[in-house]
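Student: First, the structure itself, so that you have it in front of you.
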Amino acid sequence: MKYLFKILWEDTSRIHLLWAFIGTLAGFVLLLNGLQFYTNIKSILQANSDLLDPEYIVINKKVGIGQTLGFKGNGFSEEEIDEIANQPFAEQVAPFITNLFPVSAYTQSERFPNFYTDLFFEAIPNEFIDVKSENWKWEKGQDYIPIIMPREYLNLYNFGFAQSQSLPQIPKEVIGMVNFKIRLRGQNERPDYPGRIVGFSNRINSILVPHDFLEWANEKFGYKKEYAPSRVVLVTNDPTDPAIMQFIENKGYETIKERLKSSRLNIILKFIISFLVTIAMIIIGLAFLVFFLGLQLMISRSAEKIRKMDKMGFHYREISIPYILILLALLAGVTVLALISTGLLSNTFARMAAEWNLDINNSPEPLIYITAAGLVLLLFLVNAIAILLSTRKLTSH
Amino acid sequence: MNIALEKLIPLPMIELDTTGSVIWEAESFLFRQAESYLVEAPSGKGKTSLLSILYGLRTDYRGKFFFDNQPADSFSPRDWSETRKNAISFIFQGLELFGDLTARENIRLKNSITHHKTEAEINNMADRLEIGPFLDRKTRILSFGQKQRVAIIRALCQPFRFLLADECFSHIDRKNSHTAFYLIDEQCKKKGAGFILTTLNNMENLKLDHSINL
């Protein structure tokens, strides 16, 4: 083997192999770092999206002039709700139900000015609501109606309305003590119930009452025609999934885009990374060609010697061994250097991220190892087969 | 192992006049193991072709030949490789040495396949053929006669049942030819191997069992 190697090494195109080595290394570093960067950023996005709590996405149809003039309904048909529910990103979907009779609220308090307003109620199943309260329930004969308000309403009152009207600000702990009455204005009966605000929702921008209550009340007092639900709430496990945004936009629906910001970031990120990966693949492709041609050039330069060895009784597989060893050494070098540089770069990146208070994982992801191993294996197999085929061809009888 | 030829003829020889040829004209011909053959003919009569065909280097022939009862045209590359490692050794007319290696490295390269000879045996053979002092020189700078002797030693560094030698004494002086022939003959006898030597001119000074006019 020593002599075999010595003979064949004489004809090696060392410059070719060096360039192939550098090119493959560059491609590998770019590809592996791109993937590492992507997984890092993705984990940041996912971590932050948990804070925003947007796995509950409320979707409505865009309001156009048609709805204003009453030409077309603004509700979701059953088919449309089914369609949303059948999307791969949708875990659960629930339509909002709404009151089918007029509702109003008024206060009779010494501490507050008298206050009267028409209201609306909406209801969704309890599991979609982010407020947990033992008062949030409805049983027949219950003497109060629990209500959940959007937190934004309280803010509007406290920081806008109350200040400008010289009214007292109300902390949310106290709000439950505010006495007000709800009047359910059915056609025959108009019962009053005390209303009690049991919590404020960050998630649902509506005045909510328990689902059971609204079903019961609609049955008992409702006389308006039943509307198709105008809003649905969608539960998803991966709010960063760009498909959600695409679906909503394609169907002409609307949602609070802020909550899907990370999804848009994700799209941009995926675009940049796929660009990077494409470039990396092109570089690897070119490097692969140089690699391939370099080895083939070595073999054809050594054609005479290979024929001599064949005449001496060496099998073409034995003659291929030195070439395969060279190939292995180069690929091993590429892999080790690429993994080291990916590790170093991702460490640097993690340190930079830490300065910005982003917590990212600085150890290479399994994906990196799998990709590196897969590519090396592919490069090895293609080249090794090509080497065997060429030596076989040179020694064929 | 005997080598049996059946109406064997290289394709380029078909057109040529082969009258009087003991091999090309024969229905069949048998090279017996443990016997030596001197194949004698002027240039262009197919001496090298014959040996190349028997060694599996050429396939442009008509007819058949067998190693014992095994038809050679059924051999795979691995079979040929095995044959060349263990059954047939060849001293090429063109020598096929590696110029960049020393004489010793050339011999060791062959010997490394089967580890047939010890270093001492190699040195001993080199000394007998008077090329001991040149063993560690690059083969490229040796004279053709010296290279021929390196090629002879190399061919002996493997087990074989037939040794094919293609004009292997052409550039070696009479005395050394004798020595080389006796070295080969001794090795063949020891192994019970056959020996086929091709030559341009009659070498009546060498004692081979059969002399054939190709």
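Quick note on naming: the chains in the structure tokens go A, B, ... in the order shown, residues restart at 1 in each chain, and ligands are numbered from 1 in order of appearance.
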Step one, run DSSP on the backbone; step two, keep only residues of stretch 138-177 of chain B assigned to helix (DSSP H, G or I); then write them as JSON, numbers by chain.
Tutor: {"B": [139, 140, 141, 144, 145, 146, 147, 148, 149, 150, 151, 152, 153, 154, 155, 156, 174, 175, 176, 177]}
Student: Keeping C-alpha atoms, export the residues of the selection given above as a PDB file, in the first residue's frame.
Tutor:
```pdb
ATOM      1  CA  THR B 139      14.688   2.568 -12.086  1.00  0.00           C
ATOM      2  CA  ARG B 140      14.451   5.378 -14.646  1.00  0.00           C
ATOM      3  CA  ILE B 141      18.239   5.815 -14.731  1.00  0.00           C
ATOM      4  CA  PHE B 144      17.673  -1.467 -20.296  1.00  0.00           C
ATOM      5  CA  GLY B 145      19.648  -4.598 -19.526  1.00  0.00           C
ATOM      6  CA  GLN B 146      19.641  -3.756 -15.820  1.00  0.00           C
ATOM      7  CA  LYS B 147      15.928  -3.037 -15.947  1.00  0.00           C
ATOM      8  CA  GLN B 148      15.333  -6.388 -17.613  1.00  0.00           C
ATOM      9  CA  ARG B 149      17.035  -8.127 -14.728  1.00  0.00           C
ATOM     10  CA  VAL B 150      14.927  -6.113 -12.231  1.00  0.00           C
ATOM     11  CA  ALA B 151      11.830  -7.227 -14.129  1.00  0.00           C
ATOM     12  CA  ILE B 152      12.986 -10.855 -13.980  1.00  0.00           C
ATOM     13  CA  ILE B 153      13.489 -10.708 -10.220  1.00  0.00           C
ATOM     14  CA  ARG B 154      10.155  -8.970  -9.809  1.00  0.00           C
ATOM     15  CA  ALA B 155       8.391 -11.713 -11.776  1.00  0.00           C
ATOM     16  CA  LEU B 156       9.882 -14.315  -9.449  1.00  0.00           C
ATOM     17  CA  ARG B 174      25.446 -13.947 -22.703  1.00  0.00           C
ATOM     18  CA  LYS B 175      26.879 -14.712 -19.298  1.00  0.00           C
ATOM     19  CA  ASN B 176      24.137 -12.945 -17.400  1.00  0.00           C
ATOM     20  CA  SER B 177      21.484 -14.440 -19.687  1.00  0.00           C
TER      21      SER B 177
END
```
Student: Taking a cut-off of 7 Å and counting only C-alpha atoms, can you build a table that, for each residue of chain B near chain A, reports the nearest atom pair and how far apart they are in Å (one decimal), sorted by chain then residue number, as CSV?
Tutor:
```
residue,atom,partner,partner_atom,distance
B:Gly56,CA,A:His397,CA,6.9
B:Leu57,CA,A:His397,CA,6.1
B:Arg58,CA,A:His397,CA,6.8
B:Thr59,CA,A:His397,CA,6.9
B:Arg78,CA,A:His315,CA,6.5
B:Ser81,CA,A:Gly313,CA,4.7
B:Glu82,CA,A:Gly313,CA,6.9
B:Arg84,CA,A:Gly313,CA,4.6
B:Lys85,CA,A:Gly313,CA,5.1
B:Glu96,CA,A:Lys308,CA,5.8
B:Leu109,CA,A:Tyr3,CA,6.0
B:Lys110,CA,A:Met312,CA,6.9
```
Student: Taking 4 positions as the minimum chain separation for residues in the same chain, which residues sit within 10 Å of A:Lys140 when counting only C-alpha atoms? Answer as a list of chain:residue names.
Tutor: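 My reading of the contact set: A:Asp212, A:Phe213, A:Trp216.
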Student: Take the residues from that selection and put them in a file with N, CA, C and O atoms, as a PDB file, in the first residue's frame.
Tutor:
```
ATOM      1  N   ASP A 212     -72.677  29.376  28.293  1.00  0.00           N
ATOM      2  CA  ASP A 212     -73.942  28.764  28.758  1.00  0.00           C
ATOM      3  C   ASP A 212     -75.029  29.822  28.941  1.00  0.00           C
ATOM      4  O   ASP A 212     -76.184  29.612  28.593  1.00  0.00           O
ATOM      5  N   PHE A 213     -74.609  30.980  29.507  1.00  0.00           N
ATOM      6  CA  PHE A 213     -75.579  32.037  29.758  1.00  0.00           C
ATOM      7  C   PHE A 213     -76.166  32.551  28.441  1.00  0.00           C
ATOM      8  O   PHE A 213     -77.381  32.678  28.290  1.00  0.00           O
ATOM      9  N   TRP A 216     -78.566  30.206  26.813  1.00  0.00           N
ATOM     10  CA  TRP A 216     -79.830  30.177  27.551  1.00  0.00           C
ATOM     11  C   TRP A 216     -80.642  31.443  27.257  1.00  0.00           C
ATOM     12  O   TRP A 216     -81.836  31.400  26.951  1.00  0.00           O
TER      13      TRP A 216
END
```
Student: Give me the residues within 10 Å of stretch 369-375 of chain A as a list of chain:residue names, counting only C-alpha atoms and dropping any in the same chain fewer than 3 places off.
Tutor: A:Phe28, A:Val29, A:Leu31, A:Leu32, A:Leu35, A:Ile284, A:Leu331, A:Val334, A:Thr335, A:Val336, A:Ala338, A:Leu339, A:Pro364, A:Glu365, A:Pro366, A:Leu378, A:Leu379, A:Phe380, A:Leu381
Student: For the residues selected in the previous step, produce a file with all heavy atoms as a tab-separated table (two decimals), in the first residue's frame.
Tutor:
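Written output follows (part-v5.tsv):
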```
chain	number	residue	atom	x	y	z
A	28	PHE	N	-19.36	24.45	3.20
A	28	PHE	CA	-19.82	23.79	4.42
A	28	PHE	C	-20.01	24.81	5.54
A	28	PHE	O	-21.02	24.79	6.25
A	28	PHE	CB	-18.78	22.74	4.87
A	28	PHE	CG	-19.15	21.35	4.46
A	28	PHE	CD1	-19.05	20.98	3.13
A	28	PHE	CD2	-19.58	20.42	5.38
A	28	PHE	CE1	-19.38	19.71	2.74
A	28	PHE	CE2	-19.92	19.13	4.99
A	28	PHE	CZ	-19.82	18.78	3.67
A	29	VAL	N	-19.02	25.69	5.70
A	29	VAL	CA	-19.10	26.68	6.79
A	29	VAL	C	-20.34	27.54	6.60
A	29	VAL	O	-21.11	27.77	7.54
A	29	VAL	CB	-17.82	27.55	6.82
A	29	VAL	CG1	-18.00	28.74	7.75
A	29	VAL	CG2	-16.64	26.71	7.29
A	31	LEU	N	-23.09	26.90	4.91
A	31	LEU	CA	-24.33	26.11	5.07
A	31	LEU	C	-24.60	25.82	6.55
A	31	LEU	O	-25.69	26.08	7.07
A	31	LEU	CB	-24.21	24.81	4.30
A	31	LEU	CG	-25.45	23.92	4.36
A	31	LEU	CD1	-26.54	24.51	3.49
A	31	LEU	CD2	-25.14	22.51	3.93
A	32	LEU	N	-23.58	25.32	7.24
A	32	LEU	CA	-23.79	24.93	8.63
A	32	LEU	C	-24.10	26.14	9.50
A	32	LEU	O	-24.98	26.10	10.36
A	32	LEU	CB	-22.57	24.17	9.17
A	32	LEU	CG	-22.27	22.85	8.46
A	32	LEU	CD1	-21.14	22.11	9.14
A	32	LEU	CD2	-23.50	21.96	8.39
A	35	LEU	N	-27.65	27.31	8.96
A	35	LEU	CA	-28.62	26.48	9.66
A	35	LEU	C	-28.60	26.76	11.16
A	35	LEU	O	-29.64	26.87	11.81
A	35	LEU	CB	-28.32	24.99	9.41
A	35	LEU	CG	-28.64	24.52	7.99
A	35	LEU	CD1	-28.16	23.10	7.80
A	35	LEU	CD2	-30.13	24.61	7.72
A	284	ILE	N	-20.97	24.60	-2.65
A	284	ILE	CA	-20.64	23.19	-2.44
A	284	ILE	C	-20.67	22.44	-3.77
A	284	ILE	O	-19.82	21.61	-4.05
A	284	ILE	CB	-21.61	22.55	-1.42
A	284	ILE	CG1	-21.32	23.11	-0.03
A	284	ILE	CG2	-21.48	21.04	-1.41
A	284	ILE	CD1	-22.22	22.59	1.05
A	331	LEU	N	-12.16	15.00	3.07
A	331	LEU	CA	-13.50	15.19	3.61
A	331	LEU	C	-13.48	15.29	5.14
A	331	LEU	O	-14.19	16.10	5.73
A	331	LEU	CB	-14.42	14.05	3.17
A	331	LEU	CG	-14.86	14.11	1.71
A	331	LEU	CD1	-15.73	12.93	1.37
A	331	LEU	CD2	-15.59	15.41	1.42
A	334	VAL	N	-12.34	18.72	5.97
A	334	VAL	CA	-13.42	19.68	5.73
A	334	VAL	C	-14.43	19.63	6.87
A	334	VAL	O	-14.81	20.66	7.44
A	334	VAL	CB	-14.13	19.39	4.38
A	334	VAL	CG1	-15.46	20.11	4.31
A	334	VAL	CG2	-13.25	19.82	3.22
A	335	THR	N	-14.84	18.42	7.24
A	335	THR	CA	-15.87	18.28	8.27
A	335	THR	C	-15.40	18.85	9.60
A	335	THR	O	-16.10	19.65	10.23
A	335	THR	CB	-16.22	16.79	8.46
A	335	THR	OG1	-16.36	16.20	7.18
A	335	THR	CG2	-17.50	16.64	9.24
A	336	VAL	N	-14.19	18.46	10.00
A	336	VAL	CA	-13.69	18.91	11.30
A	336	VAL	C	-13.58	20.43	11.32
A	336	VAL	O	-14.10	21.10	12.22
A	336	VAL	CB	-12.33	18.24	11.61
A	336	VAL	CG1	-11.67	18.90	12.81
A	336	VAL	CG2	-12.53	16.76	11.86
A	338	ALA	N	-15.04	22.65	9.41
A	338	ALA	CA	-16.34	23.31	9.29
A	338	ALA	C	-17.09	23.27	10.62
A	338	ALA	O	-17.68	24.27	11.03
A	338	ALA	CB	-17.17	22.64	8.19
A	339	LEU	N	-17.02	22.14	11.32
A	339	LEU	CA	-17.73	22.05	12.60
A	339	LEU	C	-17.08	22.96	13.64
A	339	LEU	O	-17.77	23.64	14.41
A	339	LEU	CB	-17.77	20.60	13.10
A	339	LEU	CG	-18.76	19.70	12.36
A	339	LEU	CD1	-18.68	18.28	12.88
A	339	LEU	CD2	-20.18	20.22	12.52
A	364	PRO	N	-23.94	23.57	19.00
A	364	PRO	CA	-24.49	23.22	17.69
A	364	PRO	C	-25.71	22.31	17.82
A	364	PRO	O	-25.76	21.43	18.67
A	364	PRO	CB	-23.33	22.50	17.02
A	364	PRO	CG	-22.12	22.99	17.72
A	364	PRO	CD	-22.53	23.27	19.12
A	365	GLU	N	-26.66	22.54	16.98
A	365	GLU	CA	-27.89	21.76	16.98
A	365	GLU	C	-27.64	20.40	16.34
A	365	GLU	O	-26.76	20.27	15.50
A	365	GLU	CB	-28.95	22.49	16.15
A	365	GLU	CG	-29.27	23.87	16.64
A	365	GLU	CD	-30.12	23.84	17.88
A	365	GLU	OE1	-30.92	22.90	18.02
A	365	GLU	OE2	-29.97	24.74	18.72
A	366	PRO	N	-28.43	19.40	16.70
A	366	PRO	CA	-28.30	18.09	16.04
A	366	PRO	C	-28.46	18.21	14.53
A	366	PRO	O	-27.80	17.52	13.76
A	366	PRO	CB	-29.44	17.27	16.63
A	366	PRO	CG	-29.86	17.97	17.86
A	366	PRO	CD	-29.46	19.40	17.74
A	378	LEU	N	-22.68	11.89	1.15
A	378	LEU	CA	-23.04	12.03	-0.27
A	378	LEU	C	-21.78	12.28	-1.10
A	378	LEU	O	-21.54	11.61	-2.11
A	378	LEU	CB	-24.03	13.18	-0.44
A	378	LEU	CG	-24.54	13.37	-1.86
A	378	LEU	CD1	-25.54	12.28	-2.20
A	378	LEU	CD2	-25.19	14.73	-2.02
A	379	LEU	N	-20.96	13.26	-0.66
A	379	LEU	CA	-19.73	13.59	-1.39
A	379	LEU	C	-18.84	12.36	-1.48
A	379	LEU	O	-18.26	12.07	-2.52
A	379	LEU	CB	-18.97	14.71	-0.67
A	379	LEU	CG	-19.49	16.13	-0.88
A	379	LEU	CD1	-18.67	17.12	-0.07
A	379	LEU	CD2	-19.42	16.50	-2.34
A	380	PHE	N	-18.75	11.64	-0.35
A	380	PHE	CA	-17.87	10.48	-0.32
A	380	PHE	C	-18.36	9.41	-1.30
A	380	PHE	O	-17.59	8.90	-2.11
A	380	PHE	CB	-17.79	9.90	1.09
A	380	PHE	CG	-17.00	8.63	1.14
A	380	PHE	CD1	-15.63	8.66	1.02
A	380	PHE	CD2	-17.63	7.40	1.28
A	380	PHE	CE1	-14.89	7.49	1.04
A	380	PHE	CE2	-16.90	6.23	1.30
A	380	PHE	CZ	-15.52	6.28	1.18
A	381	LEU	N	-19.66	9.11	-1.22
A	381	LEU	CA	-20.19	8.02	-2.05
A	381	LEU	C	-20.04	8.33	-3.53
A	381	LEU	O	-19.53	7.50	-4.30
A	381	LEU	CB	-21.66	7.78	-1.72
A	381	LEU	CG	-21.89	7.02	-0.41
A	381	LEU	CD1	-23.37	6.81	-0.17
A	381	LEU	CD2	-21.17	5.67	-0.46
```
Student: Please provide the set of residues having any atom within 12 Å of B:Arg32, restricted to only C-alpha atoms, with same-chain residues fewer than 2 positions apart removed, written as a list of chain:residue names.
Tutor: B:Met1, B:Asn2, B:Ile3, B:Ala4, B:Leu5, B:Phe29, B:Leu30, B:Ala34, B:Glu35, B:Ser36, B:Tyr37, B:Phe66, B:Phe67, B:Asp68, B:Arg161, B:Phe162, B:Leu163, B:Gly192, B:Ala193, B:Gly194, B:Phe195, B:Ile196, B:Asp209, B:His210
Student: Could you check how far atom CA of B:Pro12 sits from atom CA of B:Lys47, in Å to one decimal?
Tutor: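 Distance reported for this atom pair: 12.5 Å.
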Student: Skipping near chain neighbours, those fewer than 3 positions away, what residues fall within 7 Å of B:Arg62 using only C-alpha atoms, listed as a list of chain:residue names?
Tutor: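 Listed by chain and then number, they are B:Leu8, B:Ile9, B:Pro10, B:Leu11.
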Student: Write a file of the selected residues as a compact mmCIF listing (two decimals), in the first residue's frame, keeping N, CA, C and O atoms.
Tutor:
```txt
# COMPACT_ATOMS: atom_id res chain seq x y z
N LEU B 8 -6.80 -21.31 -31.26
CA LEU B 8 -6.62 -19.93 -30.80
C LEU B 8 -5.82 -19.15 -31.84
O LEU B 8 -4.80 -19.62 -32.34
N ILE B 9 -6.30 -17.96 -32.19
CA ILE B 9 -5.53 -17.10 -33.10
C ILE B 9 -5.94 -15.64 -32.85
O ILE B 9 -7.12 -15.34 -32.72
N PRO B 10 -4.95 -14.75 -32.72
CA PRO B 10 -5.29 -13.34 -32.53
C PRO B 10 -5.93 -12.80 -33.81
O PRO B 10 -5.53 -13.19 -34.91
N LEU B 11 -6.91 -11.94 -33.69
CA LEU B 11 -7.62 -11.43 -34.86
C LEU B 11 -6.67 -10.83 -35.90
O LEU B 11 -6.84 -11.10 -37.10
```
Student: If we count only C-alpha atoms and set the cut-off at 6 Å, which residues sit around stretch 130-138 of chain B, ignoring sequence neighbours fewer than 6 positions away in its own chain? Please answer as a list of chain:residue names.
Tutor: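 The filter keeps B:Leu101, B:Thr102, B:Ala103, B:Arg104.
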Student: Return as a list in words the full set of residues in stretch 112-184 of chain B whose backbone-based DSSP assignment is strand (DSSP E or B).
Tutor: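 Secondary structure check on stretch 112-184 of chain B, strand (DSSP E or B): Lys138, Phe162, Leu163, Leu164, Ala165 and Asp166 of chain B.
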Student: Could you please determine the separation between atom CA of A:Ala332 and atom CA of A:Leu295 in Å, to one decimal place?
Tutor: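 Spanning atom CA of A:Ala332 to atom CA of A:Leu295 is a straight-line distance of 16.0 Å.
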